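Structure below is target04.csv: CSV, C-alpha atoms and all ligand atoms.
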```csv
chain,number,residue,atom,x,y,z
A,1,MET,CA,26.3,-15.4,15.0
A,2,LEU,CA,23.9,-12.5,15.3
A,3,ARG,CA,20.7,-12.5,17.2
A,4,LEU,CA,18.0,-10.2,15.6
A,5,ALA,CA,14.9,-9.3,17.6
A,6,ILE,CA,11.8,-8.5,15.7
A,7,GLN,CA,8.1,-7.9,16.7
A,8,LYS,CA,6.3,-11.2,17.3
A,9,SER,CA,2.9,-10.1,16.0
A,10,GLY,CA,1.9,-6.6,15.1
A,11,ARG,CA,2.3,-3.9,12.5
A,12,LEU,CA,6.1,-4.4,12.1
A,13,SER,CA,6.2,-8.2,11.9
A,14,GLU,CA,5.3,-8.9,8.3
A,15,ASP,CA,7.6,-6.2,6.8
A,16,SER,CA,10.4,-7.2,9.1
A,17,LEU,CA,10.2,-10.8,8.0
A,18,GLN,CA,9.9,-9.8,4.4
A,19,LEU,CA,13.0,-7.6,4.6
A,20,ILE,CA,15.0,-10.5,6.0
A,21,ARG,CA,13.7,-12.8,3.2
A,22,GLU,CA,14.4,-10.2,0.5
A,23,CYS,CA,18.0,-10.2,1.8
A,24,GLY,CA,18.2,-13.7,0.6
A,25,ILE,CA,18.2,-15.2,4.1
A,26,HIS,CA,16.2,-18.4,4.5
A,27,PHE,CA,14.6,-19.6,7.7
A,28,LEU,CA,11.6,-21.5,8.9
A,29,SER,CA,9.0,-19.4,10.6
A,30,SER,CA,6.0,-20.5,12.6
A,31,SER,CA,3.7,-18.1,14.4
A,32,HIS,CA,4.0,-19.7,17.8
A,33,LYS,CA,7.8,-20.1,17.9
A,34,LEU,CA,9.8,-17.6,20.0
A,35,LYS,CA,13.0,-18.0,17.9
A,36,THR,CA,14.2,-19.5,14.7
A,37,GLU,CA,17.6,-19.9,13.0
A,38,ALA,CA,18.5,-19.0,9.5
A,39,THR,CA,19.8,-21.8,7.3
A,40,ASN,CA,22.1,-19.9,5.1
A,41,PHE,CA,23.4,-16.9,7.2
A,42,PRO,CA,24.6,-16.9,10.8
A,43,LEU,CA,21.5,-15.3,12.1
A,44,GLU,CA,19.1,-16.2,14.9
A,45,ILE,CA,15.7,-14.4,14.9
A,46,LEU,CA,13.9,-13.7,18.2
A,47,PHE,CA,10.2,-12.9,18.2
A,48,LEU,CA,9.3,-10.3,21.0
A,49,ARG,CA,6.9,-7.6,21.9
A,50,ASP,CA,8.1,-4.4,20.3
A,51,ASP,CA,8.3,-2.5,23.6
A,52,ASP,CA,10.9,-5.0,24.8
A,53,ILE,CA,13.2,-4.8,21.8
A,54,PRO,CA,15.2,-1.6,22.7
A,55,GLY,CA,16.0,-2.9,26.2
A,56,TYR,CA,17.0,-6.4,25.0
A,57,VAL,CA,19.4,-4.8,22.4
A,58,ARG,CA,20.8,-2.2,24.8
A,59,ASP,CA,21.6,-5.0,27.2
A,60,GLY,CA,23.1,-7.2,24.6
A,61,VAL,CA,20.5,-10.0,25.0
A,62,ALA,CA,19.9,-9.5,21.3
A,63,ASP,CA,22.5,-8.0,19.0
A,64,LEU,CA,20.2,-6.4,16.5
A,65,GLY,CA,16.6,-5.4,16.5
A,66,ILE,CA,13.9,-3.9,14.2
A,67,VAL,CA,11.6,-1.5,16.0
A,68,GLY,CA,9.7,1.7,15.4
A,69,GLN,CA,11.6,4.9,16.2
A,70,ASN,CA,8.7,6.0,18.4
A,71,VAL,CA,9.3,3.1,20.7
A,72,LEU,CA,13.1,3.4,20.5
A,73,VAL,CA,13.1,7.1,21.3
A,74,GLU,CA,10.5,6.8,24.0
A,75,ALA,CA,12.7,4.1,25.7
A,76,GLY,CA,15.6,6.5,25.7
A,77,CYS,CA,17.6,4.2,23.4
A,78,SER,CA,18.0,6.4,20.2
A,79,GLN,CA,21.8,5.9,20.4
A,80,LEU,CA,21.3,2.3,19.2
A,81,GLU,CA,19.9,3.3,15.8
A,82,VAL,CA,21.9,2.1,12.9
A,83,GLU,CA,19.6,3.0,10.0
A,84,GLY,CA,16.1,3.7,8.9
A,85,LEU,CA,14.3,0.9,7.0
A,86,GLY,CA,11.6,2.9,5.3
A,87,PHE,CA,8.5,1.0,6.4
A,88,SER,CA,5.9,1.4,9.2
A,89,LYS,CA,5.9,5.1,8.7
A,90,CYS,CA,3.6,6.9,11.1
A,91,ARG,CA,3.3,10.0,13.1
A,92,LEU,CA,2.7,10.9,16.7
A,93,SER,CA,0.2,13.7,16.9
A,94,LEU,CA,-1.6,15.9,19.4
A,95,ALA,CA,-5.4,15.9,19.1
A,96,VAL,CA,-8.2,17.8,20.8
A,97,PRO,CA,-12.0,17.4,20.9
A,98,ARG,CA,-13.4,18.6,17.6
A,99,GLY,CA,-15.5,21.4,19.2
A,100,ASP,CA,-12.7,22.9,21.3
A,101,ALA,CA,-11.0,26.1,20.1
A,102,TYR,CA,-7.4,25.6,19.3
A,103,ALA,CA,-5.1,28.3,18.1
A,104,GLY,CA,-1.7,26.8,18.8
A,105,VAL,CA,0.3,24.6,21.1
A,106,ALA,CA,0.3,27.4,23.8
A,107,ASP,CA,-3.4,26.6,24.3
A,108,LEU,CA,-2.3,23.3,25.9
A,109,GLN,CA,-0.7,25.1,28.8
A,110,GLY,CA,-1.9,23.6,32.1
A,111,LYS,CA,-4.1,21.0,30.2
A,112,ALA,CA,-4.3,17.3,31.0
A,113,ILE,CA,-3.0,15.2,28.1
A,114,ALA,CA,-3.2,11.4,27.8
A,115,THR,CA,-0.5,9.6,25.9
A,116,SER,CA,1.6,6.4,25.8
A,117,TYR,CA,4.6,8.5,24.9
A,118,PRO,CA,5.3,10.8,27.9
A,119,ASN,CA,9.0,11.1,27.1
A,120,ILE,CA,8.6,12.2,23.5
A,121,LEU,CA,5.7,14.4,24.3
A,122,GLY,CA,7.4,15.9,27.3
A,123,ALA,CA,10.4,16.8,25.3
A,124,TYR,CA,8.3,18.3,22.6
A,125,LEU,CA,6.2,20.4,25.0
A,126,ALA,CA,9.4,21.6,26.8
A,127,GLY,CA,10.7,22.7,23.5
A,128,GLU,CA,7.6,24.7,22.9
A,129,GLY,CA,7.7,26.2,26.4
A,130,VAL,CA,4.4,24.6,27.4
A,131,GLN,CA,3.7,22.9,30.7
A,132,ALA,CA,1.0,20.3,30.8
A,133,GLN,CA,0.0,17.4,33.0
A,134,LEU,CA,0.8,14.2,31.2
A,135,HIS,CA,-1.3,11.1,31.9
A,136,THR,CA,0.5,8.0,30.8
A,137,ILE,CA,-1.9,5.2,29.6
A,138,SER,CA,-0.9,2.2,27.6
A,139,GLY,CA,-3.8,1.8,25.2
A,140,SER,CA,-7.1,3.3,23.9
A,141,VAL,CA,-5.6,6.8,24.4
A,142,GLU,CA,-8.2,8.3,22.0
A,143,ILE,CA,-11.1,7.7,24.4
A,144,ALA,CA,-9.5,9.6,27.2
A,145,PRO,CA,-11.2,13.0,26.5
A,146,SER,CA,-14.6,11.5,26.2
A,147,ILE,CA,-14.4,9.8,29.6
A,148,GLY,CA,-13.1,12.9,31.2
A,149,LEU,CA,-9.5,11.7,31.8
A,150,ALA,CA,-7.8,14.3,29.7
A,151,GLU,CA,-8.4,17.4,27.6
A,152,ALA,CA,-6.1,16.4,24.7
A,153,ILE,CA,-4.3,13.3,23.6
A,154,CYS,CA,-1.0,12.5,21.9
A,155,ASP,CA,-1.0,9.2,20.0
A,156,ILE,CA,0.0,7.5,16.7
A,157,VAL,CA,-2.2,8.6,13.8
A,158,SER,CA,-2.3,6.9,10.5
A,159,SER,CA,-5.5,7.7,8.6
A,160,GLY,CA,-7.2,9.9,11.1
A,161,SER,CA,-10.4,7.9,11.1
A,162,THR,CA,-9.9,6.7,14.7
A,163,LEU,CA,-9.6,10.3,15.8
A,164,LEU,CA,-12.7,11.2,13.8
A,165,GLY,CA,-14.6,8.3,15.3
A,166,ASN,CA,-13.8,9.6,18.8
A,167,GLY,CA,-14.7,13.2,18.0
A,168,LEU,CA,-11.1,14.4,18.0
A,169,ARG,CA,-9.1,16.7,15.7
A,170,GLU,CA,-5.4,16.4,14.9
A,171,VAL,CA,-3.7,19.7,15.7
A,172,GLU,CA,0.1,19.1,15.9
A,173,THR,CA,2.6,16.6,14.6
A,174,VAL,CA,4.9,15.8,17.5
A,175,PHE,CA,7.2,13.1,16.0
A,176,ARG,CA,7.6,11.2,12.7
A,177,SER,CA,8.6,7.6,12.9
A,178,GLU,CA,9.6,4.7,10.7
A,179,ALA,CA,11.0,1.2,11.4
A,180,VAL,CA,14.8,1.3,12.2
A,181,LEU,CA,17.5,-1.3,12.5
A,182,ILE,CA,19.2,-1.1,15.9
A,183,ALA,CA,22.4,-2.7,17.2
A,184,GLN,CA,23.9,-3.3,20.6
A,185,PRO,CA,27.0,-1.2,21.3
A,186,HIS,CA,29.5,-4.1,22.0
A,187,LEU,CA,29.5,-6.2,18.8
A,188,THR,CA,32.5,-8.5,18.4
A,189,PRO,CA,34.6,-7.8,15.2
A,190,GLU,CA,33.0,-10.8,13.5
A,191,GLN,CA,29.5,-9.6,14.4
A,192,ALA,CA,30.3,-6.1,13.2
A,193,ASP,CA,31.4,-7.7,9.9
A,194,LEU,CA,28.1,-9.7,9.7
A,195,LEU,CA,26.2,-6.5,10.4
A,196,ALA,CA,28.0,-4.8,7.6
A,197,GLN,CA,27.1,-7.6,5.2
A,198,LEU,CA,23.5,-7.5,6.3
A,199,ARG,CA,23.3,-3.7,5.8
A,200,LEU,CA,24.7,-4.0,2.3
A,201,ARG,CA,21.9,-6.5,1.5
A,202,MET,CA,19.2,-4.3,3.1
A,203,GLN,CA,20.4,-1.2,1.2
A,204,ALA,CA,20.4,-3.1,-2.1
A,205,VAL,CA,16.9,-4.3,-1.4
A,206,ARG,CA,15.7,-0.9,-0.7
A,207,ARG,CA,17.3,0.8,-3.7
A,208,ALA,CA,15.8,-1.9,-5.9
A,209,LYS,CA,12.3,-1.2,-4.6
A,210,ARG,CA,10.5,0.8,-7.3
A,211,SER,CA,9.6,4.3,-6.6
A,212,LYS,CA,6.9,6.2,-8.5
A,213,TYR,CA,6.4,9.8,-9.2
A,214,ILE,CA,2.9,11.0,-8.2
A,215,VAL,CA,1.2,14.2,-9.4
A,216,LEU,CA,-2.2,15.2,-8.1
A,217,ASN,CA,-4.5,18.2,-7.8
A,218,ALA,CA,-5.9,19.3,-4.5
A,219,PRO,CA,-8.0,22.2,-3.2
A,220,LEU,CA,-5.7,24.6,-1.3
A,221,ALA,CA,-7.7,23.8,1.9
A,222,ALA,CA,-6.7,20.1,1.7
A,223,LEU,CA,-3.0,20.9,1.2
A,224,GLU,CA,-2.0,20.3,4.8
A,225,ASP,CA,-3.8,16.9,4.9
A,226,VAL,CA,-2.1,16.0,1.6
A,227,LYS,CA,1.3,16.9,2.9
A,228,LYS,CA,0.8,14.8,6.0
A,229,LEU,CA,0.0,11.8,3.8
A,230,LEU,CA,3.4,12.1,2.1
A,231,PRO,CA,5.6,11.8,5.2
A,232,GLY,CA,8.5,10.0,3.4
A,233,ILE,CA,9.2,13.2,1.4
A,234,LYS,CA,10.4,16.2,3.3
A,235,SER,CA,8.8,18.7,1.1
A,236,PRO,CA,6.7,17.9,-2.0
A,237,THR,CA,6.6,20.3,-4.9
A,238,VAL,CA,3.5,22.5,-4.8
A,239,THR,CA,2.4,24.7,-7.7
A,240,PRO,CA,-0.7,26.7,-8.1
A,241,LEU,CA,-3.3,25.7,-10.8
A,242,ALA,CA,-4.8,28.3,-13.2
A,243,GLU,CA,-8.1,27.7,-11.3
A,244,ALA,CA,-8.0,29.7,-8.1
A,245,GLY,CA,-7.9,27.8,-4.8
A,246,TRP,CA,-6.3,24.7,-6.3
A,247,VAL,CA,-2.7,23.4,-6.3
A,248,SER,CA,-0.8,20.6,-8.0
A,249,VAL,CA,1.3,18.5,-5.7
A,250,GLN,CA,4.2,16.4,-6.9
A,251,SER,CA,6.1,13.9,-4.9
A,252,VAL,CA,7.8,10.5,-5.0
A,253,VAL,CA,6.1,7.5,-3.3
A,254,GLN,CA,7.1,3.9,-2.8
A,255,GLU,CA,5.1,1.5,-5.0
A,256,ASP,CA,4.2,-0.7,-2.0
A,257,GLU,CA,2.6,2.2,-0.2
A,258,PHE,CA,0.9,3.4,-3.3
A,259,TRP,CA,-2.7,1.9,-3.3
A,260,HIS,CA,-3.2,2.6,0.4
A,261,LEU,CA,-1.9,6.1,-0.1
A,262,THR,CA,-4.0,7.0,-3.1
A,263,ALA,CA,-7.2,6.0,-1.3
A,264,GLN,CA,-6.2,8.2,1.6
A,265,LEU,CA,-5.3,11.1,-0.7
A,266,GLN,CA,-8.7,10.8,-2.4
A,267,ALA,CA,-10.4,10.8,1.0
A,268,VAL,CA,-8.9,14.2,1.8
A,269,GLY,CA,-10.0,15.7,-1.5
A,270,ALA,CA,-7.2,14.9,-4.0
A,271,GLU,CA,-8.2,14.6,-7.7
A,272,GLY,CA,-6.6,13.7,-11.0
A,273,ILE,CA,-4.0,11.5,-9.4
A,274,LEU,CA,-1.3,10.6,-12.0
A,275,VAL,CA,1.4,8.0,-11.3
A,276,LEU,CA,4.5,8.0,-13.5
A,277,PRO,CA,7.5,5.7,-13.7
A,278,ILE,CA,10.9,7.0,-12.6
A,279,GLU,CA,13.8,5.9,-14.8
A,280,LYS,CA,16.6,6.7,-12.4
A,281,ILE,CA,17.1,8.1,-9.0
A,282,ILE,CA,20.4,9.8,-8.4
A,283,ALA,CA,20.7,10.0,-4.6
B,301,LIG,P1,3.2,-5.3,20.8
B,301,LIG,O1,2.1,-6.3,21.0
B,301,LIG,O2,4.4,-5.9,20.1
B,301,LIG,O3,3.6,-4.4,21.9
B,301,LIG,P2,1.9,-2.9,19.7
B,301,LIG,O4,0.4,-3.0,19.8
B,301,LIG,O5,2.6,-2.0,20.7
B,301,LIG,O6,2.6,-4.3,19.6
B,301,LIG,P3,1.7,-2.2,16.9
B,301,LIG,O7,0.3,-1.6,16.9
B,301,LIG,O8,1.8,-3.6,16.3
B,301,LIG,O9,2.3,-2.2,18.4
B,301,LIG,O10,2.7,-1.2,16.2
B,301,LIG,C1,4.0,-1.4,16.1
B,301,LIG,C2,4.7,-0.2,15.5
B,301,LIG,O11,4.3,0.0,14.2
B,301,LIG,C3,4.4,1.1,16.2
B,301,LIG,O12,5.3,1.3,17.4
B,301,LIG,C4,4.8,2.1,15.2
B,301,LIG,O13,6.2,2.3,15.0
B,301,LIG,C5,4.3,1.4,13.9
B,301,LIG,N1,2.9,1.8,13.6
B,301,LIG,C6,1.9,1.9,14.4
B,301,LIG,N2,0.7,2.3,13.8
B,301,LIG,C7,1.1,2.4,12.5
B,301,LIG,C8,0.4,2.8,11.3
B,301,LIG,N3,-0.9,3.1,11.3
B,301,LIG,N4,1.0,2.7,10.1
B,301,LIG,C9,2.3,2.4,10.1
B,301,LIG,N5,3.1,2.1,11.2
B,301,LIG,C10,2.5,2.1,12.3
B,302,ZN,ZN,4.0,-2.5,21.9
```

Would you kindly transcribe this structure into structure tokens?
Amino acid sequence: MLRLAIQKSGRLSEDSLQLIRECGIHFLSSSHKLKTEATNFPLEILFLRDDDIPGYVRDGVADLGIVGQNVLVEAGCSQLEVEGLGFSKCRLSLAVPRGDAYAGVADLQGKAIATSYPNILGAYLAGEGVQAQLHTISGSVEIAPSIGLAEAICDIVSSGSTLLGNGLREVETVFRSEAVLIAQPHLTPEQADLLAQLRLRMQAVRRAKRSKYIVLNAPLAALEDVKKLLPGIKSPTVTPLAEAGWVSVQSVVQEDEFWHLTAQLQAVGAEGILVLPIEKIIA
């Protein structure tokens, strides 16, 4: 028997449940239950707050978990990671008030920065040789500058519209995250075997998910924004157009992210978006 902890209600919940279902595992779920047992695989599912998942798995209260890397790394539990699951991709970024001059991360020297991720941010700043005062707050980080609590923030950014609404500007990407499968370090041989079966199913599901090839035109000025929207791909292909100041960007995107992504790409200035089927992907 394996106990798998997933987020009870939040951004990870639906995709986590869907992944388990797509692995052919049947269970009854109801939103108010704290746990449920699968009917055709020796798996028990626990529904928890995401912040509690790394600790429960580290301590062996749960055997497996699905959680964002941002939460896992912040909790100092990155050694539990088994594999990335490809959903809930987001980034942790530094942002400053729109009107403030910002030339580089060195400008944050001595500044007060509000964040819910003091460990990840602390490590990043140390790597950049910058010393700052970190104010750890658990929510509504983006209002900190406007109420005088901090001069910059570090928080999860998806569309950037929350930042914009709070008069902030994204200046550095600190960490890129996705949902990951984690496992406690002391599985029994039987549990390790069940985990191997589960991973085979998960990998098969992911490979079968259709990817699309996306080609778009963008003004050179929007290139950084476009690249940030394609976080799954390390480096998209960028070629200049005959018209000065424009580039063509080519990348591979997951079909289930596609509509959401194209709207965001258009919002930052992308045009002429083409989506092409991919016949085979040789990994
Ligand atoms: P809980 O109540 O369980 O503590 P929470 O409010 O801390 O939930 P959510 O907002 O549900 O957390 O986010 C859960 C995880 O989803 C985050 O830790 C992150 O990994 C990921 N995530 C957050 N924002 C986004 C986003 N905009 N797009 C994709 N993934 C995201
Ligand atoms: Zn949380």

Could you make a table, as CSV, of the residues of region 98-217 of chain A that have an atom within 6 Å of an atom of region 266-280 of chain A, each with its nearest atom pair and distance in Å to one decimal, counting all atoms listed in the file, in chain and number order?
```
residue,atom,partner,partner_atom,distance
A:Lys212,CA,A:Pro277,CA,5.3
A:Tyr213,CA,A:Leu276,CA,5.0
A:Ile214,CA,A:Val275,CA,4.6
A:Val215,CA,A:Leu274,CA,5.1
A:Leu216,CA,A:Ile273,CA,4.3
A:Asn217,CA,A:Glu271,CA,5.2
```

Using all atoms listed in the file, find all polymer residues with an atom at most 9 Å away from the point (5.8, 18.9, 21.3); report them as a PyMOL selection string. chain A and resi 93-94+105+120-128+130+172-175

Would you give me, as a tab-separated table, each residue of chain A having an atom within 8 Å of an atom of ligand LIG 301 (chain B), along with its shortest atom pair and that distance in Å to one decimal, using all atoms listed in the file and sorting by chain and residue number?
```
residue	atom	partner	partner_atom	distance
A:Gln7	CA	B:LIG301	O2	5.4
A:Lys8	CA	B:LIG301	O2	6.3
A:Ser9	CA	B:LIG301	O2	6.1
A:Gly10	CA	B:LIG301	O8	3.2
A:Arg11	CA	B:LIG301	O8	3.8
A:Leu12	CA	B:LIG301	O11	5.2
A:Ser13	CA	B:LIG301	O8	7.7
A:Leu48	CA	B:LIG301	O2	6.6
A:Arg49	CA	B:LIG301	O2	3.5
A:Asp50	CA	B:LIG301	O2	4.0
A:Asp51	CA	B:LIG301	O3	5.3
A:Asp52	CA	B:LIG301	O3	7.9
A:Val67	CA	B:LIG301	O13	6.7
A:Gly68	CA	B:LIG301	O13	3.6
A:Gln69	CA	B:LIG301	O13	6.1
A:Asn70	CA	B:LIG301	O13	5.6
A:Val71	CA	B:LIG301	O12	5.5
A:Phe87	CA	B:LIG301	N5	7.3
A:Ser88	CA	B:LIG301	N5	3.5
A:Lys89	CA	B:LIG301	C9	4.7
A:Cys90	CA	B:LIG301	C9	4.8
A:Arg91	CA	B:LIG301	C7	7.9
A:Ile156	CA	B:LIG301	N2	6.0
A:Val157	CA	B:LIG301	N3	6.2
A:Ser158	CA	B:LIG301	N3	4.1
A:Ser159	CA	B:LIG301	N3	7.0
A:Ser177	CA	B:LIG301	O13	6.2
A:Glu178	CA	B:LIG301	O13	6.0
A:Ala179	CA	B:LIG301	O13	6.1
```

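Proximity ranking of A:Leu2, A:Ile20, A:Leu46, A:Leu72 relative to ligand ZN 302 (chain B) places A:Leu72 first, based on only C-alpha atoms and all ligand atoms.
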
Go ahead and find all residues with at least one atom no further than 12 Å from (11.3, -11.3, 3.2) in the file's coordinates, using only C-alpha atoms; report them as a PyMOL selection string. chain A and resi 13-29+201-202+205-206

Report, in Å with one decimal, the straight-line distance from CA of Leu265 (chain A) to CA of Asp107 (chain A). 29.5 Å

Do a neighbour search on Leu43 (chain A) at 7 Å with all atoms listed in the file, toss out local chain neighbours closer than 6 positions, and write the hits as a VMD selection string. chain A and resid 1 to 3 37

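Proximity of A:Arg98, A:Glu81, A:Ile66, A:Ser138 to ligand ZN 302 (chain B), computed with only C-alpha atoms and all ligand atoms, is greatest for A:Ser138.
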
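Of the residues under consideration (A:Asp63, A:Gly139, A:Lys35, A:Val253), A:Gly139 shows the shortest atom-to-atom contact distance to ligand ZN 302 (chain B) when counting all atoms listed in the file.
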
Gap from CA of Ala38 (chain A) to CA of Pro54 (chain A) - Å, one decimal: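 Distance reported for this atom pair: 22.1 Å.
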
Can you pull out the residues contacting Ile182 (chain A)? Cut-off 12 Å, using only C-alpha atoms, and skip same-chain residues under 4 positions away; I want them as a PDB file with C-alpha atoms, keeping the file's coordinate frame.
```pdb
ATOM      1  CA  ARG A   3      20.700 -12.500  17.200  1.00  0.00           C
ATOM      2  CA  LEU A   4      18.000 -10.200  15.600  1.00  0.00           C
ATOM      3  CA  ALA A   5      14.900  -9.300  17.600  1.00  0.00           C
ATOM      4  CA  ILE A   6      11.800  -8.500  15.700  1.00  0.00           C
ATOM      5  CA  ILE A  53      13.200  -4.800  21.800  1.00  0.00           C
ATOM      6  CA  PRO A  54      15.200  -1.600  22.700  1.00  0.00           C
ATOM      7  CA  GLY A  55      16.000  -2.900  26.200  1.00  0.00           C
ATOM      8  CA  TYR A  56      17.000  -6.400  25.000  1.00  0.00           C
ATOM      9  CA  VAL A  57      19.400  -4.800  22.400  1.00  0.00           C
ATOM     10  CA  ARG A  58      20.800  -2.200  24.800  1.00  0.00           C
ATOM     11  CA  GLY A  60      23.100  -7.200  24.600  1.00  0.00           C
ATOM     12  CA  ALA A  62      19.900  -9.500  21.300  1.00  0.00           C
ATOM     13  CA  ASP A  63      22.500  -8.000  19.000  1.00  0.00           C
ATOM     14  CA  LEU A  64      20.200  -6.400  16.500  1.00  0.00           C
ATOM     15  CA  GLY A  65      16.600  -5.400  16.500  1.00  0.00           C
ATOM     16  CA  ILE A  66      13.900  -3.900  14.200  1.00  0.00           C
ATOM     17  CA  VAL A  67      11.600  -1.500  16.000  1.00  0.00           C
ATOM     18  CA  GLY A  68       9.700   1.700  15.400  1.00  0.00           C
ATOM     19  CA  GLN A  69      11.600   4.900  16.200  1.00  0.00           C
ATOM     20  CA  VAL A  71       9.300   3.100  20.700  1.00  0.00           C
ATOM     21  CA  LEU A  72      13.100   3.400  20.500  1.00  0.00           C
ATOM     22  CA  VAL A  73      13.100   7.100  21.300  1.00  0.00           C
ATOM     23  CA  CYS A  77      17.600   4.200  23.400  1.00  0.00           C
ATOM     24  CA  SER A  78      18.000   6.400  20.200  1.00  0.00           C
ATOM     25  CA  GLN A  79      21.800   5.900  20.400  1.00  0.00           C
ATOM     26  CA  LEU A  80      21.300   2.300  19.200  1.00  0.00           C
ATOM     27  CA  GLU A  81      19.900   3.300  15.800  1.00  0.00           C
ATOM     28  CA  VAL A  82      21.900   2.100  12.900  1.00  0.00           C
ATOM     29  CA  GLU A  83      19.600   3.000  10.000  1.00  0.00           C
ATOM     30  CA  GLY A  84      16.100   3.700   8.900  1.00  0.00           C
ATOM     31  CA  LEU A  85      14.300   0.900   7.000  1.00  0.00           C
ATOM     32  CA  LEU A 187      29.500  -6.200  18.800  1.00  0.00           C
ATOM     33  CA  LEU A 195      26.200  -6.500  10.400  1.00  0.00           C
ATOM     34  CA  ARG A 199      23.300  -3.700   5.800  1.00  0.00           C
TER      35      ARG A 199
END
```

Is it possible to get the axis-aligned box enclosing region 123-137 of chain A (all listed atoms, 6 Å extra per side) as AutoDock Vina command-line options, with centre and edge lengths in Å rounded to one decimal?
```
--center_x 4.4 --center_y 15.7 --center_z 27.8 --size_x 24.6 --size_y 33.0 --size_z 22.4
```

Quick one: pull the distance between CA of Arg176 (chain A) and CA of Trp259 (chain A), Å, one decimal.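 Going from CA of Arg176 (chain A) over to CA of Trp259 (chain A) covers 21.2 Å.
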
Given all atoms listed in the file as the counted atoms, nearest of A:Asp59, A:Glu151, A:Glu74, A:Glu257 to ligand ZN 302 (chain B):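 Going through A:Asp59, A:Glu151, A:Glu74, A:Glu257 one by one, the smallest distance to ligand ZN 302 (chain B) is for A:Glu74.
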
Please complete region 78-93 of chain A with N, CA and C atoms and give it back as a compact mmCIF listing (two decimals), in the frame of the given file.
```
# COMPACT_ATOMS: atom_id res chain seq x y z
N SER A 78 17.81 5.94 21.64
CA SER A 78 18.00 6.40 20.20
C SER A 78 19.47 6.17 19.79
N GLN A 79 20.40 6.09 20.75
CA GLN A 79 21.80 5.90 20.40
C GLN A 79 22.05 4.53 19.73
N LEU A 80 21.09 3.60 19.84
CA LEU A 80 21.30 2.30 19.20
C LEU A 80 20.96 2.23 17.75
N GLU A 81 20.34 3.32 17.23
CA GLU A 81 19.90 3.30 15.80
C GLU A 81 21.03 3.17 14.86
N VAL A 82 20.88 2.25 13.91
CA VAL A 82 21.90 2.10 12.90
C VAL A 82 21.40 2.69 11.56
N GLU A 83 20.17 2.36 11.14
CA GLU A 83 19.60 3.00 10.00
C GLU A 83 18.12 2.84 9.85
N GLY A 84 17.49 3.80 9.18
CA GLY A 84 16.10 3.70 8.90
C GLY A 84 15.77 2.68 7.86
N LEU A 85 14.62 2.01 7.97
CA LEU A 85 14.30 0.90 7.00
C LEU A 85 13.18 1.29 6.07
N GLY A 86 12.57 2.44 6.28
CA GLY A 86 11.60 2.90 5.30
C GLY A 86 10.21 2.33 5.35
N PHE A 87 9.92 1.47 6.30
CA PHE A 87 8.50 1.00 6.40
C PHE A 87 7.95 1.35 7.77
N SER A 88 6.68 1.03 7.95
CA SER A 88 5.90 1.40 9.20
C SER A 88 6.08 2.88 9.49
N LYS A 89 5.89 3.69 8.47
CA LYS A 89 5.90 5.10 8.70
C LYS A 89 4.64 5.58 9.36
N CYS A 90 4.77 6.35 10.38
CA CYS A 90 3.60 6.90 11.10
C CYS A 90 3.99 8.14 11.80
N ARG A 91 3.01 8.81 12.38
CA ARG A 91 3.30 10.00 13.10
C ARG A 91 2.62 10.04 14.46
N LEU A 92 3.26 10.70 15.38
CA LEU A 92 2.70 10.90 16.70
C LEU A 92 2.15 12.29 16.72
N SER A 93 0.84 12.41 16.99
CA SER A 93 0.20 13.70 16.90
C SER A 93 -0.56 14.07 18.15
```
